[in-house]
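Listing of my_file11.tsv, TSV, C-alpha atoms and all ligand atoms
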```tsv
chain	number	residue	atom	x	y	z
P	1	MET	CA	9.59	8.73	13.21
P	2	ARG	CA	6.79	11.29	12.98
P	3	LEU	CA	3.43	9.83	13.97
P	4	ARG	CA	0.03	10.00	12.32
P	5	SER	CA	-3.38	9.01	13.67
P	6	LEU	CA	-4.89	5.81	12.39
P	7	GLY	CA	-8.38	7.07	11.57
P	8	ASP	CA	-10.14	8.14	14.74
P	9	THR	CA	-9.07	5.03	16.65
P	10	GLY	CA	-6.82	6.94	19.05
P	11	THR	CA	-3.92	4.77	17.84
P	12	LYS	CA	-0.89	6.43	16.30
P	13	VAL	CA	1.25	4.85	13.61
P	14	GLY	CA	4.55	5.87	12.06
P	15	ALA	CA	3.90	8.39	9.26
P	16	ILE	CA	5.47	5.87	6.84
P	17	GLY	CA	4.58	2.19	7.02
P	18	LEU	CA	5.89	-0.88	5.23
P	19	GLY	CA	4.31	-2.70	2.29
P	20	CYS	CA	5.14	-6.36	2.73
P	21	LEU	CA	3.88	-7.87	-0.52
P	22	VAL	CA	7.17	-7.46	-2.39
P	23	MET	CA	8.71	-9.85	0.14
P	24	SER	CA	6.95	-12.62	-1.79
P	25	ARG	CA	8.63	-11.24	-4.97
P	26	PRO	CA	5.36	-10.89	-6.92
P	27	HIS	CA	6.84	-8.24	-9.22
P	28	GLU	CA	10.01	-9.81	-10.39
P	29	GLY	CA	9.46	-13.50	-9.82
P	30	THR	CA	12.98	-13.53	-8.34
P	31	ALA	CA	14.06	-15.64	-5.38
P	32	ARG	CA	12.64	-14.90	-1.99
P	33	ASP	CA	14.84	-14.28	0.99
P	34	ASP	CA	12.59	-14.77	4.00
P	35	GLY	CA	15.38	-14.26	6.53
P	36	ARG	CA	16.16	-10.85	5.09
P	37	SER	CA	12.46	-9.96	4.95
P	38	VAL	CA	12.04	-10.85	8.63
P	39	ARG	CA	14.97	-8.56	9.44
P	40	VAL	CA	13.42	-5.76	7.38
P	41	VAL	CA	10.13	-6.01	9.26
P	42	ASN	CA	11.98	-5.92	12.58
P	43	GLU	CA	14.04	-2.94	11.53
P	44	ALA	CA	10.85	-1.16	10.44
P	45	LEU	CA	9.50	-1.70	13.96
P	46	ASP	CA	12.79	-0.48	15.47
P	47	LEU	CA	12.55	2.71	13.40
P	48	GLY	CA	8.87	3.30	14.12
P	49	GLY	CA	7.45	2.30	10.73
P	50	ASN	CA	4.93	0.06	12.47
P	51	LEU	CA	2.01	-0.07	10.02
P	52	LEU	CA	2.73	-3.40	8.34
P	53	ASP	CA	0.59	-4.01	5.30
P	54	THR	CA	0.03	-7.42	3.76
P	55	ALA	CA	-2.86	-9.14	1.96
P	56	GLY	CA	-4.97	-12.24	2.20
P	57	LEU	CA	-4.84	-12.89	-1.53
P	58	HIS	CA	-2.67	-14.52	-4.18
P	59	ASP	CA	0.16	-16.03	-2.22
P	60	ALA	CA	-1.42	-15.29	1.16
P	61	VAL	CA	0.09	-18.43	2.63
P	62	HIS	CA	3.49	-16.86	2.09
P	63	HIS	CA	2.66	-13.17	2.67
P	64	GLU	CA	0.82	-13.63	5.91
P	65	THR	CA	2.83	-16.51	7.33
P	66	LEU	CA	6.05	-14.58	6.77
P	67	LEU	CA	4.69	-11.46	8.46
P	68	GLY	CA	3.43	-13.59	11.36
P	69	LYS	CA	6.92	-15.02	11.85
P	70	ALA	CA	8.50	-11.58	11.59
P	71	ILE	CA	6.37	-10.01	14.34
P	72	ALA	CA	6.47	-12.97	16.71
P	73	GLY	CA	7.48	-11.58	20.10
P	74	ARG	CA	6.77	-7.99	19.04
P	75	ARG	CA	3.03	-8.19	18.41
P	76	GLU	CA	2.17	-5.16	20.54
P	77	GLU	CA	4.52	-2.89	18.57
P	78	ALA	CA	2.98	-3.75	15.20
P	79	VAL	CA	-0.21	-2.54	13.58
P	80	VAL	CA	-1.08	-5.39	11.22
P	81	ALA	CA	-3.18	-4.66	8.15
P	82	THR	CA	-4.41	-7.38	5.81
P	83	THR	CA	-7.24	-7.87	3.32
P	84	SER	CA	-10.19	-10.05	2.43
P	85	GLY	CA	-12.92	-10.13	-0.19
P	86	VAL	CA	-10.91	-11.79	-2.93
P	87	ALA	CA	-10.78	-15.57	-3.23
P	88	LEU	CA	-8.63	-17.89	-5.30
P	89	ASP	CA	-10.35	-18.83	-8.52
P	90	GLY	CA	-9.41	-22.30	-9.66
P	91	PRO	CA	-5.98	-23.76	-10.16
P	92	ARG	CA	-4.55	-21.04	-12.46
P	93	PRO	CA	-1.73	-19.22	-10.67
P	94	ARG	CA	-2.79	-15.83	-9.30
P	95	ALA	CA	-6.34	-16.24	-10.63
P	96	VAL	CA	-8.71	-14.58	-8.19
P	97	ARG	CA	-12.34	-13.56	-8.06
P	98	ARG	CA	-14.16	-11.12	-5.84
P	99	ASP	CA	-16.15	-12.80	-3.09
P	100	GLY	CA	-17.86	-10.56	-0.58
P	101	SER	CA	-20.18	-13.22	0.83
P	102	PRO	CA	-20.34	-13.30	4.63
P	103	ALA	CA	-19.38	-16.98	4.75
P	104	GLN	CA	-16.23	-16.38	2.70
P	105	LEU	CA	-15.25	-13.34	4.77
P	106	ARG	CA	-15.60	-15.28	8.04
P	107	GLU	CA	-13.54	-18.13	6.66
P	108	ALA	CA	-10.90	-15.77	5.25
P	109	ALA	CA	-10.53	-13.93	8.56
P	110	GLU	CA	-9.97	-17.19	10.43
P	111	ALA	CA	-7.38	-18.26	7.86
P	112	SER	CA	-5.56	-14.90	8.11
P	113	LEU	CA	-5.52	-15.06	11.91
P	114	ARG	CA	-4.03	-18.54	11.74
P	115	ARG	CA	-1.38	-17.62	9.19
P	116	LEU	CA	-0.43	-14.40	10.96
P	117	ASP	CA	-0.52	-16.30	14.26
P	118	ILE	CA	-2.27	-13.44	16.05
P	119	ASP	CA	-5.53	-13.15	18.04
P	120	VAL	CA	-6.86	-10.06	16.33
P	121	ILE	CA	-6.26	-8.33	12.97
P	122	ASP	CA	-5.71	-4.64	13.59
P	123	LEU	CA	-6.88	-3.27	10.26
P	124	TYR	CA	-8.93	-5.47	7.95
P	125	HIS	CA	-9.40	-4.09	4.44
P	126	LEU	CA	-12.09	-5.20	2.09
P	127	HIS	CA	-9.76	-5.68	-0.86
P	128	ARG	CA	-12.36	-5.33	-3.60
P	129	ILE	CA	-16.12	-4.87	-3.54
P	130	ASP	CA	-18.06	-7.81	-4.97
P	131	PRO	CA	-20.81	-6.46	-7.24
P	132	ALA	CA	-22.78	-9.68	-6.72
P	133	VAL	CA	-23.24	-9.04	-2.99
P	134	PRO	CA	-24.86	-5.89	-1.54
P	135	LEU	CA	-22.16	-3.81	0.14
P	136	ALA	CA	-24.34	-3.58	3.26
P	137	GLU	CA	-24.20	-7.38	3.55
P	138	THR	CA	-20.43	-7.57	3.04
P	139	TRP	CA	-19.62	-4.64	5.33
P	140	GLY	CA	-22.13	-5.90	7.90
P	141	ALA	CA	-20.32	-9.26	8.00
P	142	LEU	CA	-16.99	-7.47	8.52
P	143	ALA	CA	-18.55	-5.36	11.29
P	144	GLU	CA	-19.58	-8.63	12.98
P	145	LEU	CA	-15.93	-9.70	12.97
P	146	VAL	CA	-15.17	-6.49	14.88
P	147	GLN	CA	-17.95	-7.25	17.37
P	148	GLN	CA	-16.52	-10.74	17.84
P	149	GLY	CA	-13.08	-9.28	18.64
P	150	LYS	CA	-11.38	-10.88	15.62
P	151	VAL	CA	-10.73	-7.56	13.93
P	152	ARG	CA	-10.11	-4.11	15.45
P	153	TRP	CA	-10.85	-1.72	12.60
P	154	LEU	CA	-12.11	-1.89	9.03
P	155	GLY	CA	-10.67	-0.46	5.83
P	156	LEU	CA	-11.68	-0.31	2.19
P	157	SER	CA	-9.61	-0.81	-0.92
P	158	GLY	CA	-10.57	-0.24	-4.54
P	159	ALA	CA	-13.75	1.62	-3.53
P	160	THR	CA	-15.43	4.76	-4.81
P	161	VAL	CA	-16.28	7.68	-2.52
P	162	ALA	CA	-19.98	6.74	-2.79
P	163	GLN	CA	-19.20	3.19	-1.64
P	164	ALA	CA	-17.03	4.50	1.18
P	165	ARG	CA	-19.90	6.73	2.35
P	166	GLU	CA	-22.33	3.81	2.22
P	167	ALA	CA	-20.00	1.59	4.23
P	168	HIS	CA	-19.21	4.34	6.73
P	169	ALA	CA	-22.92	4.76	7.51
P	170	ILE	CA	-23.02	1.10	8.59
P	171	HIS	CA	-19.71	0.82	10.45
P	172	PRO	CA	-16.82	3.32	10.56
P	173	VAL	CA	-14.30	3.18	7.74
P	174	THR	CA	-11.02	3.60	9.63
P	175	ALA	CA	-8.88	3.71	6.48
P	176	VAL	CA	-9.01	3.61	2.71
P	177	ARG	CA	-6.08	1.88	1.02
P	178	SER	CA	-5.59	2.92	-2.55
P	179	GLU	CA	-2.82	3.71	-4.99
P	180	LEU	CA	-1.36	7.20	-4.66
P	181	SER	CA	1.95	8.35	-6.04
P	182	LEU	CA	3.52	11.01	-8.20
P	183	TRP	CA	2.24	9.16	-11.26
P	184	THR	CA	-1.15	7.97	-9.90
P	185	ARG	CA	-3.03	10.92	-8.49
P	186	ASP	CA	-6.69	9.94	-9.02
P	187	ALA	CA	-7.36	9.81	-5.27
P	188	LEU	CA	-6.60	13.55	-5.11
P	189	ASP	CA	-8.96	14.41	-7.97
P	190	GLY	CA	-11.96	16.43	-6.88
P	191	GLY	CA	-10.16	17.92	-3.87
P	192	PRO	CA	-12.54	17.66	-0.91
P	193	ASP	CA	-14.87	15.44	-2.99
P	194	GLY	CA	-12.12	12.97	-3.91
P	195	MET	CA	-11.05	9.97	-1.85
P	196	VAL	CA	-8.22	11.66	0.04
P	197	GLY	CA	-10.58	14.57	0.75
P	198	TRP	CA	-13.35	12.25	1.90
P	199	CYS	CA	-10.97	10.51	4.31
P	200	GLU	CA	-10.06	13.85	5.83
P	201	SER	CA	-13.72	14.84	6.16
P	202	VAL	CA	-14.64	11.75	8.19
P	203	GLY	CA	-11.37	11.38	10.10
P	204	ALA	CA	-10.26	8.24	8.22
P	205	SER	CA	-6.69	7.49	7.19
P	206	PHE	CA	-5.71	7.25	3.54
P	207	ILE	CA	-3.12	4.54	3.10
P	208	ALA	CA	-1.14	5.22	-0.07
P	209	SER	CA	-0.26	1.94	-1.72
P	210	ALA	CA	2.41	1.55	-4.41
P	211	PRO	CA	3.81	4.99	-3.43
P	212	LEU	CA	6.98	4.40	-5.45
P	213	GLY	CA	5.10	3.48	-8.61
P	214	ARG	CA	6.15	-0.15	-8.02
P	215	GLY	CA	9.75	0.97	-8.10
P	216	PHE	CA	9.60	3.12	-11.23
P	217	LEU	CA	9.70	6.50	-9.46
P	218	THR	CA	12.91	5.60	-7.62
P	219	GLY	CA	14.90	5.89	-10.84
P	220	THR	CA	16.40	2.43	-10.42
P	221	LEU	CA	14.50	0.74	-13.27
P	222	ARG	CA	15.43	1.06	-16.90
P	223	ALA	CA	13.25	0.60	-19.96
P	224	GLY	CA	13.53	-2.96	-21.19
P	225	GLY	CA	15.10	-4.01	-17.91
P	226	LEU	CA	12.17	-6.00	-16.53
P	227	ARG	CA	12.35	-9.78	-16.74
P	228	SER	CA	9.69	-11.63	-18.70
P	229	GLY	CA	7.13	-12.72	-16.14
P	230	ASP	CA	7.57	-9.56	-14.08
P	231	LEU	CA	3.99	-8.68	-13.16
P	232	ARG	CA	4.60	-5.00	-13.75
P	233	THR	CA	4.71	-5.63	-17.50
P	234	SER	CA	0.92	-6.08	-17.35
P	235	ASP	CA	0.71	-2.34	-16.51
P	236	PRO	CA	0.95	-0.36	-19.80
P	237	ARG	CA	3.14	2.25	-18.07
P	238	PHE	CA	5.82	-0.45	-17.88
P	239	HIS	CA	5.72	-1.38	-21.57
P	240	ARG	CA	9.10	-0.69	-23.06
P	241	THR	CA	8.24	2.37	-25.14
P	242	ALA	CA	6.03	3.81	-22.38
P	243	MET	CA	8.84	3.31	-19.87
P	244	GLU	CA	11.27	5.09	-22.15
P	245	ALA	CA	8.92	8.07	-22.36
P	246	ASN	CA	8.13	7.94	-18.64
P	247	LEU	CA	11.78	8.32	-17.73
P	248	ALA	CA	11.10	12.05	-18.28
P	249	ILE	CA	9.10	11.88	-15.03
P	250	VAL	CA	12.04	10.34	-13.19
P	251	ASP	CA	14.36	13.03	-14.56
P	252	VAL	CA	12.31	15.76	-12.87
P	253	ILE	CA	12.05	13.82	-9.61
P	254	ARG	CA	15.81	13.32	-9.68
P	255	GLU	CA	16.38	17.06	-10.21
P	256	VAL	CA	14.25	17.82	-7.14
P	257	ALA	CA	16.07	15.11	-5.19
P	258	ASP	CA	19.50	16.50	-6.13
P	259	ARG	CA	18.41	19.97	-5.05
P	260	ARG	CA	17.44	18.62	-1.60
P	261	SER	CA	20.38	16.17	-1.39
P	262	VAL	CA	18.00	13.24	-1.01
P	263	THR	CA	16.99	10.34	-3.25
P	264	PRO	CA	14.14	10.16	-5.80
P	265	ALA	CA	12.37	7.59	-3.58
P	266	GLN	CA	12.49	10.05	-0.68
P	267	VAL	CA	11.03	12.81	-2.84
P	268	ALA	CA	8.21	10.49	-3.94
P	269	ILE	CA	7.39	9.62	-0.32
P	270	ALA	CA	7.76	13.18	1.03
P	271	TRP	CA	5.35	14.41	-1.66
P	272	ILE	CA	2.75	11.87	-0.49
P	273	LEU	CA	3.18	12.86	3.15
P	274	ALA	CA	2.50	16.46	2.14
P	275	GLN	CA	-0.92	15.56	0.70
P	276	GLY	CA	-2.53	15.59	4.15
P	277	GLU	CA	-2.06	14.55	7.77
P	278	GLN	CA	-4.40	11.62	7.15
P	279	VAL	CA	-2.14	10.10	4.47
P	280	VAL	CA	0.22	7.23	5.33
P	281	PRO	CA	2.38	5.80	2.52
P	282	ILE	CA	3.40	2.14	2.67
P	283	PRO	CA	6.44	1.76	0.38
P	284	GLY	CA	7.18	-1.88	-0.28
P	285	THR	CA	10.64	-3.31	0.14
P	286	SER	CA	12.53	-6.36	1.24
P	287	ASP	CA	15.87	-4.52	1.20
P	288	PRO	CA	17.18	-3.09	4.48
P	289	ARG	CA	18.96	-0.19	2.71
P	290	TYR	CA	15.79	0.83	0.91
P	291	LEU	CA	13.81	0.52	4.14
P	292	ARG	CA	16.10	2.97	5.97
P	293	GLU	CA	16.08	5.34	3.02
P	294	ASN	CA	12.28	5.22	2.74
P	295	LEU	CA	11.58	5.76	6.44
P	296	ALA	CA	14.06	8.65	6.55
P	297	ALA	CA	11.80	10.44	4.04
P	298	ALA	CA	9.64	11.44	7.02
P	299	GLU	CA	12.25	14.15	7.68
P	300	VAL	CA	12.42	15.46	4.11
P	301	ARG	CA	10.81	18.87	3.58
P	302	LEU	CA	10.00	19.91	0.03
P	303	THR	CA	9.82	23.59	-0.93
P	304	ASP	CA	7.26	25.50	-3.01
P	305	GLU	CA	9.68	25.26	-5.94
P	306	ASP	CA	9.83	21.47	-5.53
P	307	PHE	CA	6.04	21.17	-5.37
P	308	ALA	CA	5.68	23.34	-8.47
P	309	ASP	CA	8.07	21.10	-10.41
P	310	LEU	CA	6.32	17.95	-9.21
P	311	ARG	CA	2.89	19.39	-10.06
P	312	ALA	CA	4.08	19.93	-13.62
P	313	LEU	CA	5.31	16.34	-14.16
P	314	PRO	CA	4.32	14.89	-17.53
P	315	VAL	CA	1.23	12.64	-17.57
P	316	PRO	CA	2.58	9.08	-17.65
P	317	VAL	CA	2.37	7.32	-20.98
P	318	GLY	CA	0.27	4.18	-20.55
P	319	SER	CA	-1.86	5.54	-17.73
P	320	GLY	CA	-4.89	5.92	-19.93
P	321	ALA	CA	-5.02	9.57	-18.87
P	322	GLU	CA	-3.09	11.01	-21.81
P	323	PRO	CA	-4.99	13.44	-24.01
G	1	LIG	N1	-4.77	-1.77	-2.87
G	1	LIG	C1	-4.16	-2.46	-3.80
G	1	LIG	O1	-4.76	-3.10	-4.62
G	1	LIG	C2	-2.66	-2.42	-3.81
G	1	LIG	C3	-2.00	-2.41	-5.02
G	1	LIG	C4	-0.62	-2.34	-5.02
G	1	LIG	C5	0.04	-2.31	-3.80
G	1	LIG	N2	-0.61	-2.33	-2.63
G	1	LIG	C6	0.09	-2.26	-1.34
G	1	LIG	O2	1.07	-1.25	-1.39
G	1	LIG	C7	2.32	-1.80	-0.92
G	1	LIG	C8	3.45	-1.18	-1.66
G	1	LIG	O3	3.28	-1.36	-3.05
G	1	LIG	P1	4.37	-2.07	-3.98
G	1	LIG	O4	5.37	-2.73	-3.14
G	1	LIG	O5	3.61	-2.86	-4.98
G	1	LIG	O6	4.98	-0.82	-4.78
G	1	LIG	P2	5.94	0.39	-4.32
G	1	LIG	O7	5.98	0.55	-2.87
G	1	LIG	O8	5.51	1.54	-5.14
G	1	LIG	O9	7.37	-0.07	-4.89
G	1	LIG	C9	8.02	-1.22	-4.41
G	1	LIG	C10	9.20	-1.48	-5.33
G	1	LIG	O10	10.13	-0.42	-5.19
G	1	LIG	C11	11.42	-0.93	-4.82
G	1	LIG	N3	11.97	0.00	-3.83
G	1	LIG	C12	11.52	0.25	-2.58
G	1	LIG	N4	12.22	1.22	-1.99
G	1	LIG	C13	13.17	1.60	-2.89
G	1	LIG	C14	14.20	2.56	-2.86
G	1	LIG	N5	14.38	3.34	-1.81
G	1	LIG	N6	15.00	2.68	-3.95
G	1	LIG	C15	14.83	1.88	-5.04
G	1	LIG	N7	13.84	0.97	-5.13
G	1	LIG	C16	13.02	0.82	-4.05
G	1	LIG	C17	11.17	-2.29	-4.23
G	1	LIG	O11	12.30	-3.10	-4.49
G	1	LIG	P3	12.73	-4.32	-3.52
G	1	LIG	O12	11.62	-5.30	-3.62
G	1	LIG	O13	14.00	-4.79	-4.13
G	1	LIG	O14	12.87	-3.79	-2.17
G	1	LIG	C18	9.93	-2.76	-5.00
G	1	LIG	O15	10.30	-3.38	-6.21
G	1	LIG	C19	2.20	-3.31	-1.18
G	1	LIG	O16	2.99	-4.06	-0.30
G	1	LIG	C20	0.75	-3.54	-0.95
G	1	LIG	O17	0.58	-3.80	0.42
G	1	LIG	C21	-1.96	-2.39	-2.62
```
Rewritten as structure tokens:
Amino acid sequence: MRLRSLGDTGTKVGAIGLGCLVMSRPHEGTARDDGRSVRVVNEALDLGGNLLDTAGLHDAVHHETLLGKAIAGRREEAVVATTSGVALDGPRPRAVRRDGSPAQLREAAEASLRRLDIDVIDLYHLHRIDPAVPLAETWGALAELVQQGKVRWLGLSGATVAQAREAHAIHPVTAVRSELSLWTRDALDGGPDGMVGWCESVGASFIASAPLGRGFLTGTLRAGGLRSGDLRTSDPRFHRTAMEANLAIVDVIREVADRRSVTPAQVAIAWILAQGEQVVPIPGTSDPRYLRENLAAAEVRLTDEDFADLRALPVPVGSGAEP
């Protein structure tokens, strides 16, 4: 596996990591297979995809406990990323609220350490910024966790460039984790003034979440094929008519893939890798075949013709960006 620097920490990670949230089946609401997920994490480590990304929200008891079990005995090989700053909000399933108060962050970090069964969290992302708490207070509390040796490095998620700058002035932002894919390109907007550009300018990593468009860009989903209760249906791009229209995007990706004798998922990942040396995609999967396919995308080289075709992809229907 090709390596990329994790911010300016001196630590290298595989150029492609692993998103672990799908192991709790949040998209489909289908049955979990923890044994298979543990094998997938171990195979990711075997293949060098060692940035393992989970979250301390929603079903954190499952997400983090499962990842902790999976890396038991291989702690030193893994770079474990998780999140804080979002707390459960009452008994409604999946109801959360932002909470950037220092007390909550301290408590959340302890809970994550316990569930992951590790002594230190490698990369701790502030999942969302709480408008009710000054960022300096929230980020300062996270910096204290670093000073106490409970966390190695800090990351931001769901932040603007201005917020990233403010945080970075207090304590280094090692990484920004945000959605980036062939159908979600906002982080590239503004070139050097956008989020991917800002990361490059300060030597931070950009961790591309949902790089496969939650599965859509792989060409394996069909319009109307999502179960009721699948969380993706809350994204307008996954509404039936939008999905039908958005299959035009998949058609182009598939053409590029056929030309290179690779898969659409590999094209989607290779395109992200080409956006800058600081960018590390974390495709999510609990399927060993998909894992191997995704990590092998590190070797895929796209041509100018491929990039031109991918640049001209239609704007996704349902993204809110249509004219
Ligand atoms: N910052 C944020 O707020 C935020 C938001 C979203 C996601 N994330 C992070 O990003 C990570 C990845 O996102 P994600 O898992 O939501 O979306 P994703 O990586 O874009 O897509 C995952 C989906 O694609 C399927 N898939 C994976 N590889 C495939 C392949 N080669 N061929 C066909 N299908 C394939 C998976 O199916 P199987 O499950 O069957 O393997 C899963 O349903 C998450 O784990 C999370 O850590 C962060």
Once you count only C-alpha atoms, what closest atom pair and distance in Å to one decimal does each residue of stretch 189-304 of chain P within 10 Å of stretch 53-58 of chain P have, with rows by chain and rising residue number, as JSON lines?
```
{"residue": "P:Ile207", "atom": "CA", "partner": "P:Asp53", "partner_atom": "CA", "distance": 9.6}
{"residue": "P:Ser209", "atom": "CA", "partner": "P:Asp53", "partner_atom": "CA", "distance": 9.2}
{"residue": "P:Ile282", "atom": "CA", "partner": "P:Asp53", "partner_atom": "CA", "distance": 7.3}
{"residue": "P:Pro283", "atom": "CA", "partner": "P:Asp53", "partner_atom": "CA", "distance": 9.6}
{"residue": "P:Gly284", "atom": "CA", "partner": "P:Asp53", "partner_atom": "CA", "distance": 8.9}
```
Non-local contacts of stretch 308-321 of chain P (9 Å; all atoms listed in the file; under 2 positions in same chain excluded) as JSON, numbers by chain:
{"P": [182, 183, 184, 235, 236, 237, 238, 239, 241, 242, 243, 245, 246, 248, 249, 252, 253, 256, 271, 303, 304, 305, 306, 323]}
Kindly provide, as AutoDock Vina command-line options, the centre and edge lengths (Å, one decimal) of an axis-aligned box around all atoms of ligand LIG 1 (chain G) given in the file, with 4 Å on each side.
```
--center_x 5.1 --center_y -1.0 --center_z -2.9 --size_x 27.8 --size_y 16.6 --size_z 14.6
```
List as a PDB file with C-alpha atoms, in the coordinates of the input the protein and nucleic acid residues lying within 6 Å of ligand LIG 1 (chain G), with all atoms listed in the file counted.
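Output file pocket.pdb is given in full below:
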```
ATOM      1  CA  GLY P  19       4.310  -2.700   2.290  1.00  0.00           C
ATOM      2  CA  CYS P  20       5.140  -6.360   2.730  1.00  0.00           C
ATOM      3  CA  LEU P  21       3.880  -7.870  -0.520  1.00  0.00           C
ATOM      4  CA  VAL P  22       7.170  -7.460  -2.390  1.00  0.00           C
ATOM      5  CA  ASP P  53       0.590  -4.010   5.300  1.00  0.00           C
ATOM      6  CA  THR P  54       0.030  -7.420   3.760  1.00  0.00           C
ATOM      7  CA  SER P 157      -9.610  -0.810  -0.920  1.00  0.00           C
ATOM      8  CA  ARG P 177      -6.080   1.880   1.020  1.00  0.00           C
ATOM      9  CA  SER P 178      -5.590   2.920  -2.550  1.00  0.00           C
ATOM     10  CA  SER P 209      -0.260   1.940  -1.720  1.00  0.00           C
ATOM     11  CA  ALA P 210       2.410   1.550  -4.410  1.00  0.00           C
ATOM     12  CA  PRO P 211       3.810   4.990  -3.430  1.00  0.00           C
ATOM     13  CA  LEU P 212       6.980   4.400  -5.450  1.00  0.00           C
ATOM     14  CA  GLY P 213       5.100   3.480  -8.610  1.00  0.00           C
ATOM     15  CA  ARG P 214       6.150  -0.150  -8.020  1.00  0.00           C
ATOM     16  CA  GLY P 215       9.750   0.970  -8.100  1.00  0.00           C
ATOM     17  CA  THR P 218      12.910   5.600  -7.620  1.00  0.00           C
ATOM     18  CA  THR P 220      16.400   2.430 -10.420  1.00  0.00           C
ATOM     19  CA  ALA P 265      12.370   7.590  -3.580  1.00  0.00           C
ATOM     20  CA  ILE P 282       3.400   2.140   2.670  1.00  0.00           C
ATOM     21  CA  PRO P 283       6.440   1.760   0.380  1.00  0.00           C
ATOM     22  CA  GLY P 284       7.180  -1.880  -0.280  1.00  0.00           C
ATOM     23  CA  THR P 285      10.640  -3.310   0.140  1.00  0.00           C
ATOM     24  CA  SER P 286      12.530  -6.360   1.240  1.00  0.00           C
ATOM     25  CA  ASP P 287      15.870  -4.520   1.200  1.00  0.00           C
ATOM     26  CA  TYR P 290      15.790   0.830   0.910  1.00  0.00           C
ATOM     27  CA  GLU P 293      16.080   5.340   3.020  1.00  0.00           C
ATOM     28  CA  ASN P 294      12.280   5.220   2.740  1.00  0.00           C
TER      29      ASN P 294
END
```
Could you please give me, as a PDB file with C-alpha atoms, in the frame of the given file, the residues of protein, DNA or RNA lying at most 12 Å from (18.3, 16.0, -2.2) in the coordinate frame of the file, considering all atoms listed in the file?
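Now in selection_9.pdb:
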```pdb
ATOM      1  CA  ILE P 253      12.050  13.820  -9.610  1.00  0.00           C
ATOM      2  CA  ARG P 254      15.810  13.320  -9.680  1.00  0.00           C
ATOM      3  CA  GLU P 255      16.380  17.060 -10.210  1.00  0.00           C
ATOM      4  CA  VAL P 256      14.250  17.820  -7.140  1.00  0.00           C
ATOM      5  CA  ALA P 257      16.070  15.110  -5.190  1.00  0.00           C
ATOM      6  CA  ASP P 258      19.500  16.500  -6.130  1.00  0.00           C
ATOM      7  CA  ARG P 259      18.410  19.970  -5.050  1.00  0.00           C
ATOM      8  CA  ARG P 260      17.440  18.620  -1.600  1.00  0.00           C
ATOM      9  CA  SER P 261      20.380  16.170  -1.390  1.00  0.00           C
ATOM     10  CA  VAL P 262      18.000  13.240  -1.010  1.00  0.00           C
ATOM     11  CA  THR P 263      16.990  10.340  -3.250  1.00  0.00           C
ATOM     12  CA  PRO P 264      14.140  10.160  -5.800  1.00  0.00           C
ATOM     13  CA  ALA P 265      12.370   7.590  -3.580  1.00  0.00           C
ATOM     14  CA  GLN P 266      12.490  10.050  -0.680  1.00  0.00           C
ATOM     15  CA  VAL P 267      11.030  12.810  -2.840  1.00  0.00           C
ATOM     16  CA  ALA P 268       8.210  10.490  -3.940  1.00  0.00           C
ATOM     17  CA  ALA P 270       7.760  13.180   1.030  1.00  0.00           C
ATOM     18  CA  ALA P 297      11.800  10.440   4.040  1.00  0.00           C
ATOM     19  CA  GLU P 299      12.250  14.150   7.680  1.00  0.00           C
ATOM     20  CA  VAL P 300      12.420  15.460   4.110  1.00  0.00           C
ATOM     21  CA  ARG P 301      10.810  18.870   3.580  1.00  0.00           C
ATOM     22  CA  LEU P 302      10.000  19.910   0.030  1.00  0.00           C
ATOM     23  CA  THR P 303       9.820  23.590  -0.930  1.00  0.00           C
ATOM     24  CA  ASP P 306       9.830  21.470  -5.530  1.00  0.00           C
TER      25      ASP P 306
END
```
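Closest to P:Val279 among P:Asp251, P:Asp230, P:Glu179, P:Asp130 is P:Glu179, based on only C-alpha atoms.
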Counting all atoms listed in the file, the residue among P:Ser228, P:Thr138, P:Thr9, P:Ser37 that lies closest to P:Ser24 is P:Ser37
I'd like the neighbourhood of P:Ser101 as a ChimeraX atom specification, where a residue qualifies if any of its atoms comes within 8 Å (using only C-alpha atoms), though same-chain residues fewer than 6 positions away should be ignored. /P:85,133,137-138
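The shortest atom-to-atom distance to P:Arg36, with all atoms listed in the file taken into account, belongs to P:Met23 out of P:Ala204, P:Met23, P:Ala274, P:Arg2.
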Quick one: residues within 12 Å of stretch 191-193 of chain P, all atoms listed in the file counted, chain neighbours fewer than 3 positions away excluded, as an mmCIF file with C-alpha atoms, keeping the file's coordinate frame?
```cif
data_model
loop_
_atom_site.group_PDB
_atom_site.id
_atom_site.type_symbol
_atom_site.label_atom_id
_atom_site.label_comp_id
_atom_site.auth_asym_id
_atom_site.auth_seq_id
_atom_site.Cartn_x
_atom_site.Cartn_y
_atom_site.Cartn_z
ATOM 1 C CA THR P 160 -15.430 4.760 -4.810
ATOM 2 C CA VAL P 161 -16.280 7.680 -2.520
ATOM 3 C CA ALA P 162 -19.980 6.740 -2.790
ATOM 4 C CA ALA P 164 -17.030 4.500 1.180
ATOM 5 C CA ARG P 165 -19.900 6.730 2.350
ATOM 6 C CA ARG P 185 -3.030 10.920 -8.490
ATOM 7 C CA ASP P 186 -6.690 9.940 -9.020
ATOM 8 C CA ALA P 187 -7.360 9.810 -5.270
ATOM 9 C CA LEU P 188 -6.600 13.550 -5.110
ATOM 10 C CA VAL P 196 -8.220 11.660 0.040
ATOM 11 C CA GLY P 197 -10.580 14.570 0.750
ATOM 12 C CA TRP P 198 -13.350 12.250 1.900
ATOM 13 C CA CYS P 199 -10.970 10.510 4.310
ATOM 14 C CA GLU P 200 -10.060 13.850 5.830
ATOM 15 C CA SER P 201 -13.720 14.840 6.160
ATOM 16 C CA VAL P 202 -14.640 11.750 8.190
ATOM 17 C CA GLN P 275 -0.920 15.560 0.700
ATOM 18 C CA GLY P 276 -2.530 15.590 4.150
#
```
